[in-house]
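Shown below: query-v5.csv, with CSV, C-alpha atoms.
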chain,number,residue,atom,x,y,z
Y,236,MET,CA,144.0,81.2,73.9
Y,237,PRO,CA,146.4,84.0,75.1
Y,238,HIS,CA,148.3,83.1,78.3
Y,239,TRP,CA,147.0,86.2,80.1
Y,240,TYR,CA,143.3,85.2,79.8
Y,241,GLN,CA,141.8,84.2,83.1
Y,242,PRO,CA,138.3,82.5,83.1
Y,243,ALA,CA,135.7,83.9,85.4
Y,244,GLN,CA,135.5,82.2,88.8
Y,245,PRO,CA,132.1,80.6,89.7
Y,246,ALA,CA,130.1,82.6,92.1
Y,247,THR,CA,129.8,81.3,95.6
Y,248,ALA,CA,126.6,80.8,97.4
Y,249,GLU,CA,127.2,83.7,99.7
Y,250,ALA,CA,128.1,86.2,96.9
Y,251,ASP,CA,125.7,88.2,94.8
Y,252,THR,CA,125.4,87.1,91.2
Y,253,VAL,CA,126.9,89.7,88.9
Y,254,GLN,CA,126.2,89.8,85.2
Y,255,VAL,CA,129.2,90.7,83.0
Y,256,ASP,CA,128.8,92.0,79.4
Y,257,THR,CA,131.7,90.1,77.9
Y,258,ALA,CA,131.0,91.4,74.4
Y,259,HIS,CA,131.9,95.1,75.3
Y,260,ALA,CA,134.4,94.5,78.1
Y,261,ASP,CA,137.9,95.8,77.7
Y,262,PRO,CA,140.5,93.1,77.3
Y,263,VAL,CA,142.7,92.3,80.2
Y,264,LEU,CA,146.4,93.2,79.5
Y,265,PRO,CA,149.3,91.3,81.0
Y,266,ASP,CA,151.2,92.9,83.9
Y,267,ALA,CA,154.0,95.1,82.7
Y,268,PRO,CA,157.4,94.7,84.3
Y,269,ASP,CA,158.2,97.2,87.0
Y,270,THR,CA,160.3,100.0,85.6
Y,271,CYS,CA,161.7,103.1,87.1
Y,272,VAL,CA,161.6,106.0,84.6
Y,273,PRO,CA,162.5,109.4,86.0
Y,274,ALA,CA,160.2,112.2,85.2
Y,275,GLU,CA,162.9,114.5,84.2
Y,276,GLY,CA,166.7,114.5,83.5
Y,277,PRO,CA,168.9,112.0,81.7
Y,278,PRO,CA,168.4,108.2,82.0
Y,279,VAL,CA,169.6,106.7,85.2
Y,280,ALA,CA,172.6,104.4,84.7
Y,281,THR,CA,172.0,100.9,86.0
Y,282,ALA,CA,174.7,99.1,88.1
Y,283,ARG,CA,177.1,96.7,86.3
Y,284,PRO,CA,176.6,93.1,87.3
Y,285,ARG,CA,179.2,91.9,89.8
Y,286,HIS,CA,180.4,89.0,87.7
Y,287,THR,CA,181.2,91.4,84.8
Y,288,LEU,CA,183.3,93.6,87.2
Y,289,ALA,CA,185.1,90.5,88.5
Y,290,LEU,CA,186.0,89.4,84.9
Y,291,LEU,CA,187.3,92.9,84.1
Y,292,ILE,CA,189.4,93.0,87.3
Y,293,LEU,CA,190.7,89.5,86.6
Y,294,GLY,CA,191.6,90.5,83.1
Y,295,ALA,CA,193.5,93.6,84.3
Y,296,VAL,CA,195.4,91.5,86.9
Y,297,THR,CA,196.4,89.0,84.2
Y,298,VAL,CA,197.7,91.7,82.0
Y,299,LEU,CA,199.7,93.2,84.8
Y,300,LEU,CA,201.2,89.9,85.8
Y,301,GLY,CA,202.1,89.1,82.2
Y,302,GLY,CA,203.8,92.5,81.9
Y,303,PHE,CA,205.7,91.9,85.1
Y,304,GLY,CA,206.9,88.5,83.9
Y,305,ILE,CA,208.2,89.9,80.7
Y,306,TRP,CA,210.0,92.7,82.6
Y,307,ALA,CA,211.5,90.3,85.1
Y,308,ALA,CA,212.8,88.0,82.4
Y,309,MET,CA,214.4,90.9,80.5
Y,310,HIS,CA,215.9,92.3,83.7
Y,311,ALA,CA,217.4,88.9,84.7
Y,312,SER,CA,218.9,88.6,81.2
Y,313,THR,CA,220.4,92.0,81.5
Y,314,LEU,CA,222.0,91.2,84.8
Y,315,ARG,CA,223.5,87.9,83.5
Y,316,THR,CA,224.9,89.8,80.5
Y,317,GLN,CA,226.5,92.5,82.8
Y,318,ALA,CA,228.0,89.8,85.0
Y,319,ALA,CA,229.4,88.0,82.0
Y,320,GLN,CA,230.9,91.2,80.7
Y,321,GLU,CA,232.5,92.0,84.1
Y,322,ASN,CA,233.8,88.5,84.6
Y,323,THR,CA,236.0,87.8,81.5
Y,324,ALA,CA,236.8,84.4,82.9
Y,325,VAL,CA,233.5,83.4,81.2
Y,326,ILE,CA,234.3,84.7,77.7
Y,327,GLU,CA,238.1,84.8,77.5
Y,328,PRO,CA,239.5,81.3,77.9
Y,329,ALA,CA,243.1,82.2,76.9
Y,330,ALA,CA,243.3,84.9,79.6
Y,331,THR,CA,241.7,82.5,82.1
Y,332,THR,CA,244.2,79.7,81.3
Y,333,ALA,CA,247.1,82.2,81.8
Y,334,VAL,CA,245.8,83.2,85.2
Y,335,ARG,CA,245.3,79.6,86.3
Y,336,ASP,CA,248.6,78.3,85.1
Y,337,GLN,CA,250.7,81.1,86.7
Y,338,ILE,CA,248.9,80.9,90.0
Y,339,ASP,CA,249.0,77.1,90.2
Y,340,SER,CA,252.8,77.3,89.6
Y,341,ALA,CA,253.2,80.0,92.2
Y,342,VAL,CA,251.3,78.1,94.9
Y,343,GLN,CA,253.4,74.9,94.2
Y,344,THR,CA,256.6,77.0,94.6
Y,345,ILE,CA,255.8,78.9,97.7
Y,346,PHE,CA,254.4,75.9,99.6
Y,347,SER,CA,257.1,73.4,98.7
Y,348,TYR,CA,260.5,73.5,100.5
Y,349,ASN,CA,263.5,71.6,101.6
Y,350,TYR,CA,264.7,71.9,105.2
Y,351,ALA,CA,268.3,72.2,103.9
Y,352,ASN,CA,267.6,75.4,101.9
Y,353,THR,CA,264.4,77.1,103.1
Y,354,GLY,CA,266.0,80.4,102.1
Y,355,ALA,CA,265.6,79.6,98.4
Y,356,THR,CA,261.9,79.0,98.8
Y,357,ARG,CA,261.5,82.3,100.7
Y,358,LYS,CA,263.4,84.2,98.0
Y,359,ALA,CA,261.4,82.7,95.2
Y,360,ALA,CA,258.2,83.6,97.0
Y,361,GLN,CA,259.1,87.3,97.1
Y,362,ARG,CA,258.9,87.4,93.2
Y,363,LEU,CA,255.5,85.7,93.2
Y,364,LEU,CA,253.8,87.7,95.9
Y,365,THR,CA,252.7,91.3,96.2
Y,366,GLY,CA,251.0,93.6,98.6
Y,367,ALA,CA,249.7,92.2,101.9
Y,368,ALA,CA,250.5,88.6,100.8
Y,369,ILE,CA,254.2,89.2,101.3
Y,370,GLN,CA,253.9,90.0,105.0
Y,371,GLN,CA,251.3,87.2,105.3
Y,372,TYR,CA,253.6,84.6,103.8
Y,373,ASN,CA,256.7,85.8,105.6
Y,374,SER,CA,254.9,85.4,109.0
Y,375,LEU,CA,253.9,81.8,108.2
Y,376,PHE,CA,257.2,80.8,106.6
Y,377,ALA,CA,259.1,82.1,109.7
Y,378,LEU,CA,257.7,79.1,111.5
Y,379,VAL,CA,258.9,76.8,108.7
Y,380,GLN,CA,262.4,78.1,108.8
Y,381,ARG,CA,262.4,77.6,112.6
Y,382,ASP,CA,261.1,74.0,112.7
Y,383,ALA,CA,261.9,72.4,109.4
Y,384,PRO,CA,265.7,71.9,110.0
Y,385,ALA,CA,265.1,70.2,113.3
Y,386,GLU,CA,262.5,67.9,111.9
Y,387,LYS,CA,264.3,67.5,108.5
Y,388,LEU,CA,261.1,68.1,106.6
Y,389,VAL,CA,260.9,68.0,102.8
Y,390,VAL,CA,257.4,69.2,101.7
Y,391,THR,CA,256.1,68.9,98.1
Y,392,THR,CA,252.9,70.7,97.2
Y,393,THR,CA,251.0,69.7,94.1
Y,394,VAL,CA,247.9,71.5,92.7
Y,395,THR,CA,245.3,68.8,91.9
Y,396,ASN,CA,242.6,71.1,90.6
Y,397,SER,CA,241.9,74.8,90.2
Y,398,GLY,CA,239.5,77.2,88.7
Y,399,VAL,CA,239.3,80.9,88.0
Y,400,GLU,CA,236.2,82.2,89.9
Y,401,LEU,CA,236.6,85.8,88.8
Y,402,LEU,CA,238.7,87.6,86.2
Y,403,ASN,CA,238.2,91.3,85.8
Y,404,GLY,CA,240.9,93.3,84.1
Y,405,ASN,CA,244.1,92.9,86.2
Y,406,GLN,CA,242.3,91.3,89.1
Y,407,ALA,CA,241.5,87.6,89.6
Y,408,ARG,CA,240.3,85.1,92.2
Y,409,VAL,CA,241.3,81.5,91.9
Y,410,LEU,CA,240.1,78.5,93.9
Y,411,ILE,CA,242.8,75.9,94.3
Y,412,PHE,CA,242.9,72.3,95.7
Y,413,VAL,CA,246.3,71.0,96.7
Y,414,ASN,CA,247.9,67.8,98.0
Y,415,GLN,CA,250.9,68.0,100.3
Y,416,GLN,CA,253.5,65.3,100.8
Y,417,ASP,CA,255.6,65.7,103.9
Y,418,THR,CA,258.8,63.5,104.2
Y,419,ARG,CA,261.3,63.3,107.0
Y,420,ALA,CA,264.8,63.0,105.6
Y,421,GLY,CA,266.6,59.8,106.5
Y,422,THR,CA,263.3,58.0,107.4
Y,423,SER,CA,260.5,56.3,105.6
Y,424,GLN,CA,257.9,58.5,107.3
Y,425,THR,CA,255.7,60.2,104.7
Y,426,THR,CA,252.4,61.8,105.3
Y,427,TYR,CA,249.8,63.2,102.9
Y,428,GLY,CA,247.2,65.9,103.3
Y,429,GLY,CA,244.8,68.0,101.2
Y,430,ALA,CA,243.8,71.6,101.4
Y,431,MET,CA,241.7,74.2,99.6
Y,432,LEU,CA,242.9,77.8,99.1
Y,433,ALA,CA,241.3,80.9,97.7
Y,434,VAL,CA,243.9,83.2,96.1
Y,435,THR,CA,243.4,86.8,95.1
Y,436,ALA,CA,245.8,87.8,92.3
Y,437,ILE,CA,246.7,90.9,90.4
Y,438,HIS,CA,248.6,91.3,87.1
Y,439,GLU,CA,251.8,93.2,87.9
Y,440,ALA,CA,255.1,93.6,86.1
Y,441,GLY,CA,254.1,91.3,83.3
Y,442,ARG,CA,252.8,88.3,85.3
Y,443,TRP,CA,250.1,87.3,87.8
Y,444,LYS,CA,251.1,87.6,91.4
Y,445,ILE,CA,249.4,86.5,94.6
Y,446,GLU,CA,248.0,89.4,96.6
Y,447,ASN,CA,246.1,87.5,99.3
Y,448,ILE,CA,245.8,83.8,100.4
Y,449,ASP,CA,242.7,82.5,102.2
Y,450,THR,CA,243.3,79.1,103.7
Y,451,PHE,CA,239.8,78.9,105.3
Y,452,SER,CA,241.3,78.2,108.7

Whole structure, structure tokens version:
Amino acid sequence: MPHWYQPAQPATAEADTVQVDTAHADPVLPDAPDTCVPAEGPPVATARPRHTLALLILGAVTVLLGGFGIWAAMHASTLRTQAAQENTAVIEPAATTAVRDQIDSAVQTIFSYNYANTGATRKAAQRLLTGAAIQQYNSLFALVQRDAPAEKLVVTTTVTNSGVELLNGNQARVLIFVNQQDTRAGTSQTTYGGAMLAVTAIHEAGRWKIENIDTFS
């Protein structure tokens, strides 16, 4: 039996009896779904389901984020390459060693002195310094020349560690750790101390010279 067939309801006592000729009656058709067909013009576009739009938007965002991630990775790689090219301390070990060795030696010379001949230290320093560092050093060493003879100080400075932070052409920056041993002549009094320096150097007249000294004080 088709699902749309509905049997006749029994008549109630109050209703009049109606005879139906079932042999010639038109069949009952199922209800058609509601549709909206315009009388004229092109078909009306239906709205896209919300979940479909959400999936499309999510897909677009994913593509954008993926593209941004690739761009960011490539940009960061480019910056690292440029930094490495500008800082030859990363890629030229021989040049880096030359800077470190010469600056280490210069620091040990200019910060070591004997009260009996401070002039020798100051003279040697003039060959190892350049630019503003000459005046900077001379101002500090003037105090040494004043006080060292009275206190009979002998100071020995030793570089314990150093590293070239930047090397670009004829300019360099070196971080240096030193130990200083101070001894009073004629006594057994010896003191030790450590310090860290940041030295800016330039290559001049065939060697590396100290242009600036930062004692972080």

Could you make a table, as a Markdown table, of the residues of range 324-424 of chain Y that have an atom within 12 Å of an atom of range 433-445 of chain Y, each with its nearest atom pair and distance in Å to one decimal, counting only C-alpha atoms, in chain and number order?
| residue | atom | partner | partner_atom | distance |
| --- | --- | --- | --- | --- |
| Y:Ala330 | CA | Y:Trp443 | CA | 10.9 |
| Y:Thr331 | CA | Y:Trp443 | CA | 11.2 |
| Y:Thr332 | CA | Y:Trp443 | CA | 11.6 |
| Y:Ala333 | CA | Y:Trp443 | CA | 8.4 |
| Y:Val334 | CA | Y:Trp443 | CA | 6.5 |
| Y:Arg335 | CA | Y:Trp443 | CA | 9.2 |
| Y:Asp336 | CA | Y:Trp443 | CA | 9.5 |
| Y:Gln337 | CA | Y:Trp443 | CA | 6.3 |
| Y:Ile338 | CA | Y:Trp443 | CA | 6.9 |
| Y:Asp339 | CA | Y:Val434 | CA | 9.9 |
| Y:Ser340 | CA | Y:Trp443 | CA | 10.5 |
| Y:Ala341 | CA | Y:Ile445 | CA | 7.9 |
| Y:Val342 | CA | Y:Ile445 | CA | 8.6 |
| Y:Thr344 | CA | Y:Ile445 | CA | 11.9 |
| Y:Ile345 | CA | Y:Ile445 | CA | 10.4 |
| Y:Ala360 | CA | Y:Ile445 | CA | 9.6 |
| Y:Gln361 | CA | Y:Lys444 | CA | 9.8 |
| Y:Arg362 | CA | Y:Lys444 | CA | 8.0 |
| Y:Leu363 | CA | Y:Lys444 | CA | 5.1 |
| Y:Leu364 | CA | Y:Ile445 | CA | 4.7 |
| Y:Thr365 | CA | Y:Ile445 | CA | 6.0 |
| Y:Gly366 | CA | Y:Ile445 | CA | 8.3 |
| Y:Ala367 | CA | Y:Ile445 | CA | 9.3 |
| Y:Ala368 | CA | Y:Ile445 | CA | 6.6 |
| Y:Ile369 | CA | Y:Ile445 | CA | 8.7 |
| Y:Gln370 | CA | Y:Ile445 | CA | 11.9 |
| Y:Gln371 | CA | Y:Ile445 | CA | 10.9 |
| Y:Tyr372 | CA | Y:Ile445 | CA | 10.3 |
| Y:Ser397 | CA | Y:Ala433 | CA | 9.7 |
| Y:Gly398 | CA | Y:Ala433 | CA | 9.9 |
| Y:Val399 | CA | Y:Val434 | CA | 9.6 |
| Y:Glu400 | CA | Y:Ala433 | CA | 9.4 |
| Y:Leu401 | CA | Y:Thr435 | CA | 9.3 |
| Y:Leu402 | CA | Y:Ala436 | CA | 9.4 |
| Y:Asn403 | CA | Y:Ile437 | CA | 9.7 |
| Y:Gly404 | CA | Y:His438 | CA | 8.5 |
| Y:Asn405 | CA | Y:His438 | CA | 4.9 |
| Y:Gln406 | CA | Y:Ile437 | CA | 4.6 |
| Y:Ala407 | CA | Y:Ala436 | CA | 5.1 |
| Y:Arg408 | CA | Y:Thr435 | CA | 4.6 |
| Y:Val409 | CA | Y:Val434 | CA | 5.2 |
| Y:Leu410 | CA | Y:Ala433 | CA | 4.7 |
| Y:Ile411 | CA | Y:Ala433 | CA | 6.2 |
| Y:Phe412 | CA | Y:Ala433 | CA | 9.0 |
| Y:Val413 | CA | Y:Ala433 | CA | 11.1 |

Write out as a list in words each polymer residue whose atoms come within 8 Å of Ala351 in chain Y, counting all atoms listed in the file; drop sequence neighbours fewer than 2 positions from it.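 Returned residues: Asn349, Thr353, Pro384 and Lys387 of chain Y.
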
Atomic distance CA of Arg419 in chain Y - CA of Leu388 in chain Y, expressed in Å with one decimal: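 Distance reported for this atom pair: 4.8 Å.
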
How far is it from CA of Gly429 in chain Y to CA of Ser347 in chain Y, in Å with one decimal?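 Going from CA of Gly429 in chain Y over to CA of Ser347 in chain Y covers 13.7 Å.
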
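For the residues Y:Phe451, Y:Tyr350, Y:Tyr427, Y:Phe376, ranking by smallest atom-to-atom distance to Thr392 in chain Y using only C-alpha atoms places Y:Tyr427 first.
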
What does the distance from CA of Lys358 in chain Y to CA of Ser374 in chain Y come to in Å, to one decimal? 14.0 Å
